[in-house]
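Text of structure38.cif, listed as mmCIF, C-alpha atoms and all ligand atoms:
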```
data_coords
#
loop_
_atom_site.label_atom_id
_atom_site.label_comp_id
_atom_site.auth_asym_id
_atom_site.auth_seq_id
_atom_site.Cartn_x
_atom_site.Cartn_y
_atom_site.Cartn_z
CA MET A 14 13.68 1.27 -24.23
CA ASP A 15 11.88 3.76 -26.48
CA THR A 16 12.36 7.42 -25.54
CA ALA A 17 8.65 7.77 -24.89
CA LEU A 18 8.94 5.08 -22.29
CA ASN A 19 11.82 6.79 -20.58
CA GLU A 20 10.13 10.03 -19.74
CA GLY A 21 9.28 8.92 -16.23
CA PHE A 22 5.90 7.63 -15.36
CA ARG A 23 3.69 9.23 -12.79
CA LYS A 24 3.19 6.99 -9.81
CA THR A 25 -0.44 6.44 -9.04
CA GLY A 26 -1.26 6.62 -5.36
CA THR A 27 1.27 6.75 -2.58
CA PRO A 28 2.73 3.93 -0.56
CA ASN A 29 1.82 3.09 3.00
CA ILE A 30 -1.37 5.09 2.95
CA SER A 31 -2.98 5.45 6.32
CA GLU A 32 -4.87 8.71 5.87
CA SER A 33 -7.96 9.05 3.71
CA PRO A 34 -7.93 11.80 1.08
CA LEU A 35 -11.66 12.22 1.67
CA HIS A 36 -11.93 12.58 5.42
CA ALA A 37 -9.74 12.39 8.50
CA ARG A 38 -9.70 8.87 9.91
CA ARG A 39 -11.68 8.29 13.07
CA GLN A 40 -9.39 8.10 16.10
CA SER A 41 -9.39 4.48 17.18
CA ARG A 42 -7.09 2.63 19.51
CA ARG A 43 -4.62 0.22 18.01
CA ILE A 44 -4.53 -3.51 18.42
CA MET A 45 -2.28 -6.05 16.78
CA VAL A 46 -3.34 -9.09 14.79
CA GLY A 47 0.01 -10.83 14.80
CA PRO A 48 2.35 -8.35 13.03
CA VAL A 49 -0.52 -6.42 11.41
CA PRO A 50 -1.65 -3.28 13.23
CA VAL A 51 -5.38 -2.54 13.19
CA GLY A 52 -6.63 0.89 14.22
CA GLY A 53 -4.74 3.89 15.53
CA GLY A 54 -4.16 5.23 12.02
CA ALA A 55 -2.66 1.99 10.64
CA PRO A 56 -3.27 1.28 6.94
CA ILE A 57 -6.64 -0.38 6.51
CA SER A 58 -6.14 -4.12 6.22
CA VAL A 59 -8.05 -6.54 4.00
CA GLN A 60 -9.31 -9.81 5.43
CA SER A 61 -10.96 -12.88 4.04
CA MET A 62 -12.02 -16.27 5.28
CA THR A 63 -11.10 -19.66 3.90
CA ASN A 64 -13.91 -21.95 2.75
CA THR A 65 -11.91 -25.17 2.80
CA ARG A 66 -12.38 -27.68 5.60
CA THR A 67 -9.97 -26.27 8.16
CA ALA A 68 -8.97 -29.80 9.12
CA ASP A 69 -7.61 -30.19 5.58
CA VAL A 70 -4.36 -28.39 6.32
CA GLY A 71 -2.95 -28.64 2.78
CA ALA A 72 -6.06 -27.26 1.08
CA THR A 73 -6.43 -24.51 3.66
CA LEU A 74 -2.80 -23.43 3.29
CA GLN A 75 -3.12 -23.49 -0.48
CA GLN A 76 -6.10 -21.17 -0.28
CA ILE A 77 -4.31 -18.90 2.20
CA ALA A 78 -1.41 -18.66 -0.28
CA GLU A 79 -3.84 -17.60 -3.04
CA LEU A 80 -5.45 -15.01 -0.77
CA THR A 81 -2.06 -13.65 0.23
CA ALA A 82 -1.03 -13.31 -3.41
CA ALA A 83 -4.23 -11.35 -4.09
CA GLY A 84 -3.40 -8.83 -1.33
CA CYS A 85 -5.02 -10.33 1.77
CA ASP A 86 -3.43 -9.15 5.02
CA ILE A 87 -5.24 -11.32 7.57
CA VAL A 88 -7.08 -14.63 7.13
CA ARG A 89 -9.80 -16.22 9.22
CA VAL A 90 -10.54 -19.91 9.43
CA ALA A 91 -13.66 -21.56 10.80
CA VAL A 92 -13.36 -23.93 13.73
CA PRO A 93 -16.63 -25.88 13.94
CA LYS A 94 -15.19 -29.25 15.04
CA GLN A 95 -12.44 -30.72 17.17
CA GLU A 96 -10.51 -31.84 14.08
CA ASP A 97 -10.44 -28.20 12.93
CA ALA A 98 -9.10 -27.01 16.27
CA ASP A 99 -6.48 -29.75 16.04
CA ALA A 100 -5.33 -28.44 12.63
CA LEU A 101 -4.81 -24.84 13.76
CA ALA A 102 -1.23 -25.18 15.01
CA ALA A 103 0.00 -26.54 11.66
CA ILE A 104 -1.87 -23.84 9.72
CA VAL A 105 -0.58 -21.04 11.92
CA ARG A 106 2.98 -22.32 11.64
CA GLN A 107 2.95 -22.28 7.84
CA SER A 108 0.64 -19.39 6.99
CA PRO A 109 2.39 -16.33 5.53
CA ILE A 110 -0.27 -14.04 7.06
CA PRO A 111 -1.81 -13.93 10.54
CA VAL A 112 -4.55 -16.47 11.19
CA ILE A 113 -7.72 -15.68 13.14
CA ALA A 114 -9.82 -18.55 14.48
CA ASP A 115 -13.55 -18.07 14.06
CA ILE A 116 -15.41 -19.67 16.95
CA HIS A 117 -19.12 -20.12 17.48
CA PHE A 118 -20.91 -22.08 20.20
CA GLN A 119 -18.01 -23.89 21.88
CA SER A 120 -15.75 -21.82 24.08
CA LYS A 121 -13.28 -24.69 24.49
CA TYR A 122 -12.14 -24.10 20.91
CA VAL A 123 -11.29 -20.50 21.83
CA PHE A 124 -8.76 -21.73 24.37
CA GLU A 125 -7.43 -24.33 21.94
CA ALA A 126 -7.03 -21.67 19.22
CA ILE A 127 -5.08 -19.46 21.61
CA ASP A 128 -2.87 -22.40 22.53
CA ALA A 129 -2.34 -23.15 18.82
CA GLY A 130 -0.80 -19.71 18.34
CA CYS A 131 -3.59 -17.97 16.42
CA ALA A 132 -2.99 -14.24 16.04
CA ALA A 133 -6.52 -13.48 17.19
CA VAL A 134 -9.84 -15.15 17.87
CA ARG A 135 -13.24 -14.01 16.69
CA VAL A 136 -15.99 -14.78 19.15
CA ASN A 137 -19.70 -14.23 18.71
CA PRO A 138 -20.93 -13.64 22.25
CA GLY A 139 -24.52 -14.10 21.04
CA ASN A 140 -23.99 -17.80 20.50
CA ILE A 141 -21.13 -18.81 22.81
CA ARG A 142 -22.68 -20.80 25.63
CA LYS A 143 -22.49 -19.12 29.05
CA PHE A 144 -20.43 -16.27 27.59
CA ASP A 145 -20.91 -14.16 30.74
CA GLU A 146 -19.03 -16.84 32.68
CA VAL A 147 -16.33 -17.78 30.17
CA GLY A 148 -15.75 -14.28 28.76
CA PRO A 149 -13.36 -13.21 31.54
CA GLN A 150 -11.43 -16.50 31.19
CA ILE A 151 -11.12 -15.88 27.45
CA CYS A 152 -9.79 -12.37 28.14
CA GLN A 153 -7.24 -13.76 30.59
CA ALA A 154 -6.07 -16.42 28.14
CA ALA A 155 -5.75 -13.80 25.35
CA THR A 156 -3.81 -11.50 27.67
CA ASP A 157 -1.45 -14.30 28.68
CA ALA A 158 -0.85 -15.16 25.02
CA GLY A 159 -0.56 -11.50 23.95
CA ILE A 160 -3.21 -11.81 21.26
CA SER A 161 -6.28 -9.80 20.36
CA LEU A 162 -9.94 -10.73 20.02
CA ARG A 163 -12.85 -9.63 17.87
CA ILE A 164 -16.33 -9.26 19.19
CA GLY A 165 -18.42 -10.15 16.17
CA VAL A 166 -22.08 -9.26 16.49
CA ASN A 167 -24.31 -10.43 13.64
CA ALA A 168 -27.90 -9.51 12.94
CA GLY A 169 -28.70 -13.21 12.61
CA SER A 170 -27.45 -14.18 16.06
CA LEU A 171 -28.53 -11.21 18.13
CA ASP A 172 -29.22 -11.87 21.80
CA LYS A 173 -32.92 -12.81 22.27
CA ASP A 174 -33.56 -10.18 24.94
CA LEU A 175 -32.12 -7.38 22.80
CA TYR A 176 -34.06 -8.63 19.79
CA ALA A 177 -37.29 -8.40 21.81
CA LYS A 178 -36.40 -5.06 23.39
CA TYR A 179 -35.60 -3.31 20.09
CA GLY A 180 -38.04 -5.24 17.91
CA GLY A 181 -35.36 -6.78 15.68
CA PRO A 182 -31.70 -6.38 14.71
CA THR A 183 -31.87 -2.59 14.52
CA PRO A 184 -28.71 -0.47 14.67
CA GLU A 185 -29.51 0.33 18.30
CA ALA A 186 -29.92 -3.38 19.14
CA LEU A 187 -26.67 -4.42 17.43
CA VAL A 188 -24.73 -1.60 19.06
CA ALA A 189 -26.25 -2.39 22.49
CA SER A 190 -25.12 -6.01 22.06
CA ALA A 191 -21.59 -5.00 21.04
CA MET A 192 -21.28 -2.50 23.88
CA LYS A 193 -22.48 -5.01 26.45
CA GLU A 194 -19.70 -7.39 25.44
CA ALA A 195 -17.15 -4.59 25.13
CA ARG A 196 -17.95 -3.47 28.66
CA MET A 197 -17.59 -7.00 29.95
CA PHE A 198 -14.12 -7.23 28.33
CA GLU A 199 -13.08 -3.81 29.62
CA ASP A 200 -14.38 -4.50 33.13
CA VAL A 201 -11.78 -7.23 33.43
CA GLY A 202 -9.08 -4.92 32.04
CA PHE A 203 -8.98 -6.32 28.50
CA HIS A 204 -8.75 -3.74 25.73
CA ASP A 205 -7.11 -5.54 22.80
CA PHE A 206 -10.21 -6.20 20.78
CA LYS A 207 -11.98 -4.89 17.71
CA ILE A 208 -15.67 -4.98 17.02
CA SER A 209 -17.85 -5.83 14.06
CA VAL A 210 -21.62 -5.28 13.90
CA LYS A 211 -22.60 -6.82 10.60
CA HIS A 212 -25.91 -6.64 8.82
CA HIS A 213 -26.89 -7.80 5.34
CA ASP A 214 -28.53 -4.48 4.45
CA PRO A 215 -25.96 -1.80 3.54
CA VAL A 216 -28.03 1.11 4.87
CA THR A 217 -28.64 -0.56 8.25
CA MET A 218 -24.99 -1.60 8.33
CA VAL A 219 -23.80 1.99 7.76
CA GLU A 220 -26.18 3.33 10.43
CA THR A 221 -25.01 0.67 12.87
CA TYR A 222 -21.29 1.36 12.42
CA ARG A 223 -21.85 5.12 12.58
CA LEU A 224 -23.66 4.69 15.89
CA LEU A 225 -21.00 2.34 17.25
CA ALA A 226 -18.18 4.67 16.11
CA SER A 227 -19.76 7.48 18.16
CA LYS A 228 -19.69 5.41 21.35
CA GLY A 229 -16.01 4.57 21.81
CA ASP A 230 -12.57 4.22 20.28
CA TRP A 231 -12.61 0.51 19.50
CA PRO A 232 -11.02 -0.42 16.18
CA LEU A 233 -13.79 -1.44 13.80
CA HIS A 234 -13.89 -4.42 11.45
CA LEU A 235 -16.29 -3.57 8.63
CA GLY A 236 -18.47 -6.16 6.96
CA VAL A 237 -21.75 -6.55 5.15
CA THR A 238 -22.75 -10.05 6.12
CA GLU A 239 -24.40 -12.48 3.72
CA ALA A 240 -23.99 -9.88 0.97
CA GLY A 241 -24.88 -12.34 -1.80
CA PRO A 242 -23.19 -13.50 -5.01
CA SER A 243 -20.37 -11.49 -6.57
CA TRP A 244 -22.41 -8.94 -8.43
CA GLN A 245 -24.85 -7.97 -5.68
CA GLY A 246 -22.34 -8.47 -2.89
CA THR A 247 -19.75 -6.29 -4.55
CA ILE A 248 -22.25 -3.47 -4.99
CA LYS A 249 -23.48 -3.74 -1.39
CA SER A 250 -19.92 -3.76 -0.09
CA CYS A 251 -18.89 -0.79 -2.23
CA ILE A 252 -21.88 1.21 -1.00
CA ALA A 253 -21.46 0.38 2.66
CA PHE A 254 -17.65 0.42 2.89
CA GLY A 255 -17.46 3.45 0.61
CA ALA A 256 -19.85 5.46 2.79
CA LEU A 257 -18.09 4.55 6.03
CA LEU A 258 -14.49 4.74 4.83
CA ALA A 259 -15.22 8.07 3.15
CA GLU A 260 -16.24 9.30 6.61
CA GLY A 261 -13.05 7.92 8.14
CA ILE A 262 -14.80 4.97 9.85
CA GLY A 263 -13.27 1.50 9.59
CA ASP A 264 -9.89 -0.04 10.38
CA THR A 265 -10.04 -3.43 8.66
CA ILE A 266 -12.48 -4.80 6.07
CA ARG A 267 -13.87 -8.12 4.96
CA VAL A 268 -15.97 -8.36 1.84
CA SER A 269 -18.37 -11.34 2.10
CA LEU A 270 -19.35 -12.91 -1.20
CA SER A 271 -20.97 -16.17 -2.25
CA ALA A 272 -17.91 -16.62 -4.47
CA PRO A 273 -14.34 -17.92 -4.14
CA PRO A 274 -12.64 -16.06 -1.26
CA VAL A 275 -9.96 -14.66 -3.56
CA GLU A 276 -12.73 -12.59 -5.20
CA GLU A 277 -13.47 -11.04 -1.80
CA VAL A 278 -9.85 -9.97 -1.49
CA LYS A 279 -9.77 -8.49 -4.98
CA VAL A 280 -12.92 -6.46 -4.28
CA GLY A 281 -11.64 -5.35 -0.87
CA CYS A 282 -8.29 -4.23 -2.28
CA LYS A 283 -9.95 -2.34 -5.13
CA ILE A 284 -12.34 -0.55 -2.76
CA LEU A 285 -9.34 0.70 -0.80
CA GLU A 286 -7.42 1.58 -3.97
CA TYR A 287 -10.27 3.62 -5.45
CA LEU A 288 -10.80 5.43 -2.15
CA GLY A 289 -7.11 6.40 -2.13
CA LEU A 290 -6.49 4.21 0.91
CA ARG A 291 -4.15 1.73 -0.75
CA GLU A 292 -1.67 2.20 -3.56
CA ARG A 293 -3.18 1.54 -6.95
CA HIS A 294 -2.13 -1.46 -8.97
CA PHE A 295 -2.94 -1.92 -12.64
CA ASP A 296 -6.03 0.03 -13.61
CA ILE A 297 -7.94 0.19 -16.86
CA ILE A 298 -9.80 3.22 -18.10
CA SER A 299 -12.18 2.32 -20.91
CA CYS A 300 -14.92 4.33 -22.51
CA PRO A 301 -18.50 3.02 -22.48
CA SER A 302 -18.49 3.26 -26.32
CA CYS A 303 -21.21 5.08 -28.22
CA GLY A 304 -22.40 5.59 -31.78
CA ARG A 305 -18.96 6.96 -32.72
CA ALA A 306 -17.12 3.78 -31.64
CA GLN A 307 -15.23 2.14 -34.50
CA VAL A 308 -14.12 -0.94 -32.60
CA ASP A 309 -15.67 -3.39 -30.13
CA VAL A 310 -14.58 -1.52 -27.00
CA ILE A 311 -16.01 -4.11 -24.63
CA ALA A 312 -14.09 -6.99 -26.20
CA LEU A 313 -10.93 -4.89 -26.42
CA ALA A 314 -11.13 -3.73 -22.79
CA ASN A 315 -11.72 -7.31 -21.60
CA ALA A 316 -8.81 -8.65 -23.68
CA VAL A 317 -6.43 -5.99 -22.31
CA THR A 318 -7.62 -6.50 -18.72
CA ASP A 319 -7.18 -10.25 -19.06
CA GLY A 320 -3.75 -9.87 -20.68
CA LEU A 321 -2.51 -7.65 -17.85
CA LYS A 322 -4.09 -9.42 -14.89
CA GLU A 323 -0.71 -10.52 -13.55
CA VAL A 324 0.81 -7.03 -13.73
CA THR A 325 1.33 -5.51 -10.29
CA ALA A 326 2.91 -2.19 -11.32
CA PRO A 327 0.54 0.78 -10.92
CA ILE A 328 0.05 1.28 -14.66
CA ARG A 329 -3.08 2.93 -16.08
CA VAL A 330 -4.15 1.75 -19.52
CA ALA A 331 -6.90 3.46 -21.52
CA VAL A 332 -9.03 1.79 -24.18
CA MET A 333 -11.09 4.32 -26.15
CA GLY A 334 -13.50 3.59 -28.96
CA CYS A 335 -12.68 6.49 -31.29
CA ILE A 336 -10.06 9.07 -32.07
CA VAL A 337 -12.49 11.99 -31.67
CA ASN A 338 -12.34 12.13 -27.90
CA GLY A 339 -10.22 9.12 -27.02
CA PRO A 340 -6.71 10.48 -26.46
CA GLY A 341 -7.98 13.66 -24.81
CA GLU A 342 -10.29 11.83 -22.45
CA ALA A 343 -7.53 9.40 -21.52
CA ARG A 344 -4.70 11.93 -21.15
CA GLU A 345 -4.16 10.83 -17.55
CA ALA A 346 -3.42 7.27 -18.62
CA ASP A 347 0.15 5.98 -18.96
CA LEU A 348 -0.75 4.14 -22.14
CA GLY A 349 -3.80 3.90 -24.33
CA VAL A 350 -5.43 3.16 -27.62
CA ALA A 351 -7.99 5.12 -29.62
CA SER A 352 -9.53 3.32 -32.55
CA GLY A 353 -10.73 4.47 -35.96
CA ASN A 354 -10.82 3.40 -39.62
CA GLY A 355 -9.81 -0.15 -38.80
CA LYS A 356 -6.70 1.06 -36.99
CA GLY A 357 -5.62 1.78 -33.45
CA GLN A 358 -3.60 4.81 -32.43
CA ILE A 359 -1.38 3.79 -29.54
CA PHE A 360 -0.55 6.70 -27.30
CA ILE A 361 1.72 7.11 -24.32
CA LYS A 362 0.80 9.88 -21.93
CA GLY A 363 -1.40 11.45 -24.59
CA LYS A 364 1.20 11.34 -27.43
CA VAL A 365 0.65 8.98 -30.36
CA VAL A 366 3.61 6.60 -30.70
CA GLU A 367 2.33 4.08 -33.20
CA THR A 368 -0.66 3.28 -35.40
CA VAL A 369 -1.45 -0.40 -35.94
CA PRO A 370 -4.14 -2.42 -37.76
CA GLU A 371 -7.11 -3.30 -35.57
CA ASP A 372 -6.15 -6.96 -35.27
CA GLN A 373 -2.80 -5.96 -33.75
CA ILE A 374 -4.15 -3.54 -31.15
CA VAL A 375 -4.26 -5.97 -28.23
CA GLU A 376 -0.79 -7.46 -28.75
CA THR A 377 0.78 -4.02 -29.30
CA LEU A 378 -0.88 -2.56 -26.25
CA LEU A 379 0.15 -5.50 -24.10
CA ARG A 380 3.75 -5.23 -25.32
CA TYR A 381 3.96 -1.53 -24.41
CA ALA A 382 2.13 -2.13 -21.11
CA ASN A 383 4.54 -4.86 -20.07
CA ASP A 384 7.53 -2.66 -20.99
CA ILE A 385 6.16 0.23 -18.94
CA ALA A 386 5.31 -2.06 -16.03
CA ALA A 387 8.84 -3.50 -16.08
CA HIS A 388 10.20 0.06 -16.18
CA MET A 389 8.10 0.98 -13.14
CA ASP A 390 9.22 -2.13 -11.28
CA GLN A 391 12.88 -1.31 -12.06
CA GLN A 392 12.35 2.14 -10.61
CA GLY A 393 11.41 0.45 -7.37
CA SER A 394 7.85 1.60 -7.43
CA PRO A 395 6.27 0.01 -4.36
CA VAL A 396 3.23 -1.90 -5.46
CA VAL A 397 2.05 -3.37 -2.19
CA VAL A 398 1.26 -1.26 0.85
CA PRO A 399 3.84 -2.27 3.43
CA ILE A 400 2.22 -2.87 6.79
CA THR A 401 4.64 -2.28 9.61
CA GLN A 402 4.42 -2.77 13.30
CA ALA A 403 3.56 0.37 15.29
S1 LIG B 501 -14.21 7.69 -26.72
FE1 LIG B 501 -15.35 7.90 -28.65
S2 LIG B 501 -16.47 5.94 -28.81
FE2 LIG B 501 -15.83 6.10 -26.69
S3 LIG B 501 -17.59 7.05 -25.66
FE3 LIG B 501 -16.15 8.71 -26.16
S4 LIG B 501 -16.90 9.45 -28.16
FE4 LIG B 501 -17.87 7.43 -27.85
#
```
Here is the file; what I need is its structure written in the form of structure tokens.
Ligand code: SF4
Amino acid sequence: MDTALNEGFRKTGTPNISESPLHARRQSRRIMVGPVPVGGGAPISVQSMTNTRTADVGATLQQIAELTAAGCDIVRVAVPKQEDADALAAIVRQSPIPVIADIHFQSKYVFEAIDAGCAAVRVNPGNIRKFDEVGPQICQAATDAGISLRIGVNAGSLDKDLYAKYGGPTPEALVASAMKEARMFEDVGFHDFKISVKHHDPVTMVETYRLLASKGDWPLHLGVTEAGPSWQGTIKSCIAFGALLAEGIGDTIRVSLSAPPVEEVKVGCKILEYLGLRERHFDIISCPSCGRAQVDVIALANAVTDGLKEVTAPIRVAVMGCIVNGPGEAREADLGVASGNGKGQIFIKGKVVETVPEDQIVETLLRYANDIAAHMDQQGSPVVVPITQA
């Protein structure tokens, strides 16, 4: 390998991150979702939910495999029908990550999910029939199986009495609902649960989780519900998760998008990476371009991003539109290009190593990037945050 490539690349991020560089994590108690710890200072896990018919075991497992490859730590599957409950055992047996059953309305599916070996069950007390009666039985069954639960309160299914009392799904109403259920669980001696209090509006969501976080040490599952298509949903999630995680609030996250679930995982992982809460993978730094740009920066940045989408090493690649500011502005990058006069100056850690015609920029950059990534992988750079049992 070229000498420039052998100088030792800075590792971006640190492995096994459990502490935020922005704020001390909120002290929460720890529960387990299968082998994945949630709360108690554990690395923040990323969740998603399959959108296949759960009864279609093959399709569901295929999607779980894609989510796992994208960095998903925990997956949830919907159980709206008996045939879905019947499929759970096979899915659990073959899933590489813990499976949570998502149950609304019918408590009998909760017991069937526990029997099927699910790592946890999400219940929405607001729409489980006679929850006050079956809640203690659910806690007992979870205790016997050694699994955890999630109390998932949603603005859309808030208890009617609380809705009337607070005049809508306000932060106070959502927190009152969550605390009522939490108390019911704790009164029967069950403590292995996390709570979510989701709302579609990021500001209300942040206020709700802040209020809930001040009331107890439950691990918190963050989510902006019904966040919308990719573009809007990603922005809402970044705002809400960013605000809370920057304050140390949140133990596991699920980005909700009207998009393929794998997109949710990618967004969730990147939110954690950019907050310094998960080791960085490949990252691109590209300038916005301006009147000095001598190349189509947007096309170049997209081509490089696309060409390196399979790279998992934590390499930073810069694409800059001119040689006036380019190399200086991108000094922190492992590799970069600054363009001018129909040519591209390729630089490694700020030093120019080659100048190539414009039509060879992408292929040259990709060749160097793959060499550096391979070098990083050989050095044993951990690229996935290992999640270990407490
Ligand atoms: S690197 Fe050059 S082209 Fe890009 S924004 Fe800066 S000055 Fe403009």
Could the residues that lie within 9 Å of ligand LIG 501 (chain B), counting only C-alpha atoms and all ligand atoms, be listed as a PyMOL selection string? chain A and resi 299-308+310+332-343+351-352
One residue among A:Ala177, A:Ile57, A:Ala82, A:Ala129 is nearest to Leu285 in chain A when using only C-alpha atoms, and that residue is A:Ile57
Pick the closest to Asn383 in chain A from A:Glu323, A:Glu286, A:Asp145, A:Asp115: which is it, counting all atoms listed in the file?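 Ranked by minimum distance to Asn383 in chain A, first place goes to A:Glu323.
Distances here use all atoms listed in the file; by that measure, the residue among A:Pro232, A:Gly261, A:Pro274, A:Pro215 closest to Leu162 in chain A is A:Pro232.
CA of Glu96 in chain A is found 20.5 Å from CA of Asn140 in chain A.
Shell of Thr183 in chain A at 10 Å, with all atoms listed in the file counted and residues fewer than 5 places along the chain excluded, is Ala168, Leu171, Leu175, Tyr176, Val188, Ala189, His212, Thr217, Met218, Glu220 and Thr221 of chain A.
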Across A:Arg66, A:His213, A:Lys228, A:Arg223, the smallest distance to Asn167 in chain A, with only C-alpha atoms counted, is shown by A:His213
Radius query 9 Å about (-14.8, 10.3, 2.5), atoms used: all atoms listed in the file, as a PyMOL selection string: chain A and resi 33-37+255-261+288
Contacts of Arg39 in chain A at 9 Å (all atoms listed in the file; same-chain gap of 5+ positions) as a VMD selection string: chain A and resid 53 to 54 226 230 260 to 264
Find the residues around Pro93 in chain A up to 12 Å (all atoms listed in the file counted), leave out those fewer than 5 positions away in its own chain, and share them as a list in words. Arg66, Thr67, Ala68, Ala98, Asp99, Ala100, Leu101, Ala114, Asp115, Ile116, His117, Phe118, Gln119, Ser120, Lys121, Tyr122, Val123 and Ala126 of chain A
Can you tell me how far CA of Ala186 in chain A sits from CA of Gly165 in chain A, in Å to one decimal? 13.7 Å
Using all atoms listed in the file, which protein or nucleic acid residues come within 10 Å of Leu379 in chain A? Drop anything in the same chain fewer than 5 positions from it, and give the result as a PyMOL selection string. chain A and resi 316-318+320-321+330+348+374+384-385
I need every residue sitting at most 12 Å from the point (-16.6, -17.6, 29.7) (coordinates as in the file, all atoms listed in the file considered), written as a tab-separated table (two decimals) with C-alpha atoms, in the frame of the given file.
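So the final result, stored in out_22.tsv, reads:
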```
chain	number	residue	atom	x	y	z
A	118	PHE	CA	-20.91	-22.08	20.20
A	119	GLN	CA	-18.01	-23.89	21.88
A	120	SER	CA	-15.75	-21.82	24.08
A	121	LYS	CA	-13.28	-24.69	24.49
A	122	TYR	CA	-12.14	-24.10	20.91
A	123	VAL	CA	-11.29	-20.50	21.83
A	124	PHE	CA	-8.76	-21.73	24.37
A	136	VAL	CA	-15.99	-14.78	19.15
A	137	ASN	CA	-19.70	-14.23	18.71
A	138	PRO	CA	-20.93	-13.64	22.25
A	140	ASN	CA	-23.99	-17.80	20.50
A	141	ILE	CA	-21.13	-18.81	22.81
A	142	ARG	CA	-22.68	-20.80	25.63
A	143	LYS	CA	-22.49	-19.12	29.05
A	144	PHE	CA	-20.43	-16.27	27.59
A	145	ASP	CA	-20.91	-14.16	30.74
A	146	GLU	CA	-19.03	-16.84	32.68
A	147	VAL	CA	-16.33	-17.78	30.17
A	148	GLY	CA	-15.75	-14.28	28.76
A	149	PRO	CA	-13.36	-13.21	31.54
A	150	GLN	CA	-11.43	-16.50	31.19
A	151	ILE	CA	-11.12	-15.88	27.45
A	152	CYS	CA	-9.79	-12.37	28.14
A	153	GLN	CA	-7.24	-13.76	30.59
A	154	ALA	CA	-6.07	-16.42	28.14
A	194	GLU	CA	-19.70	-7.39	25.44
A	197	MET	CA	-17.59	-7.00	29.95
A	198	PHE	CA	-14.12	-7.23	28.33
```
Pairwise distance for CA of Ile328 in chain A and CA of Ala387 in chain A, rounded to one decimal in Å: 10.1 Å
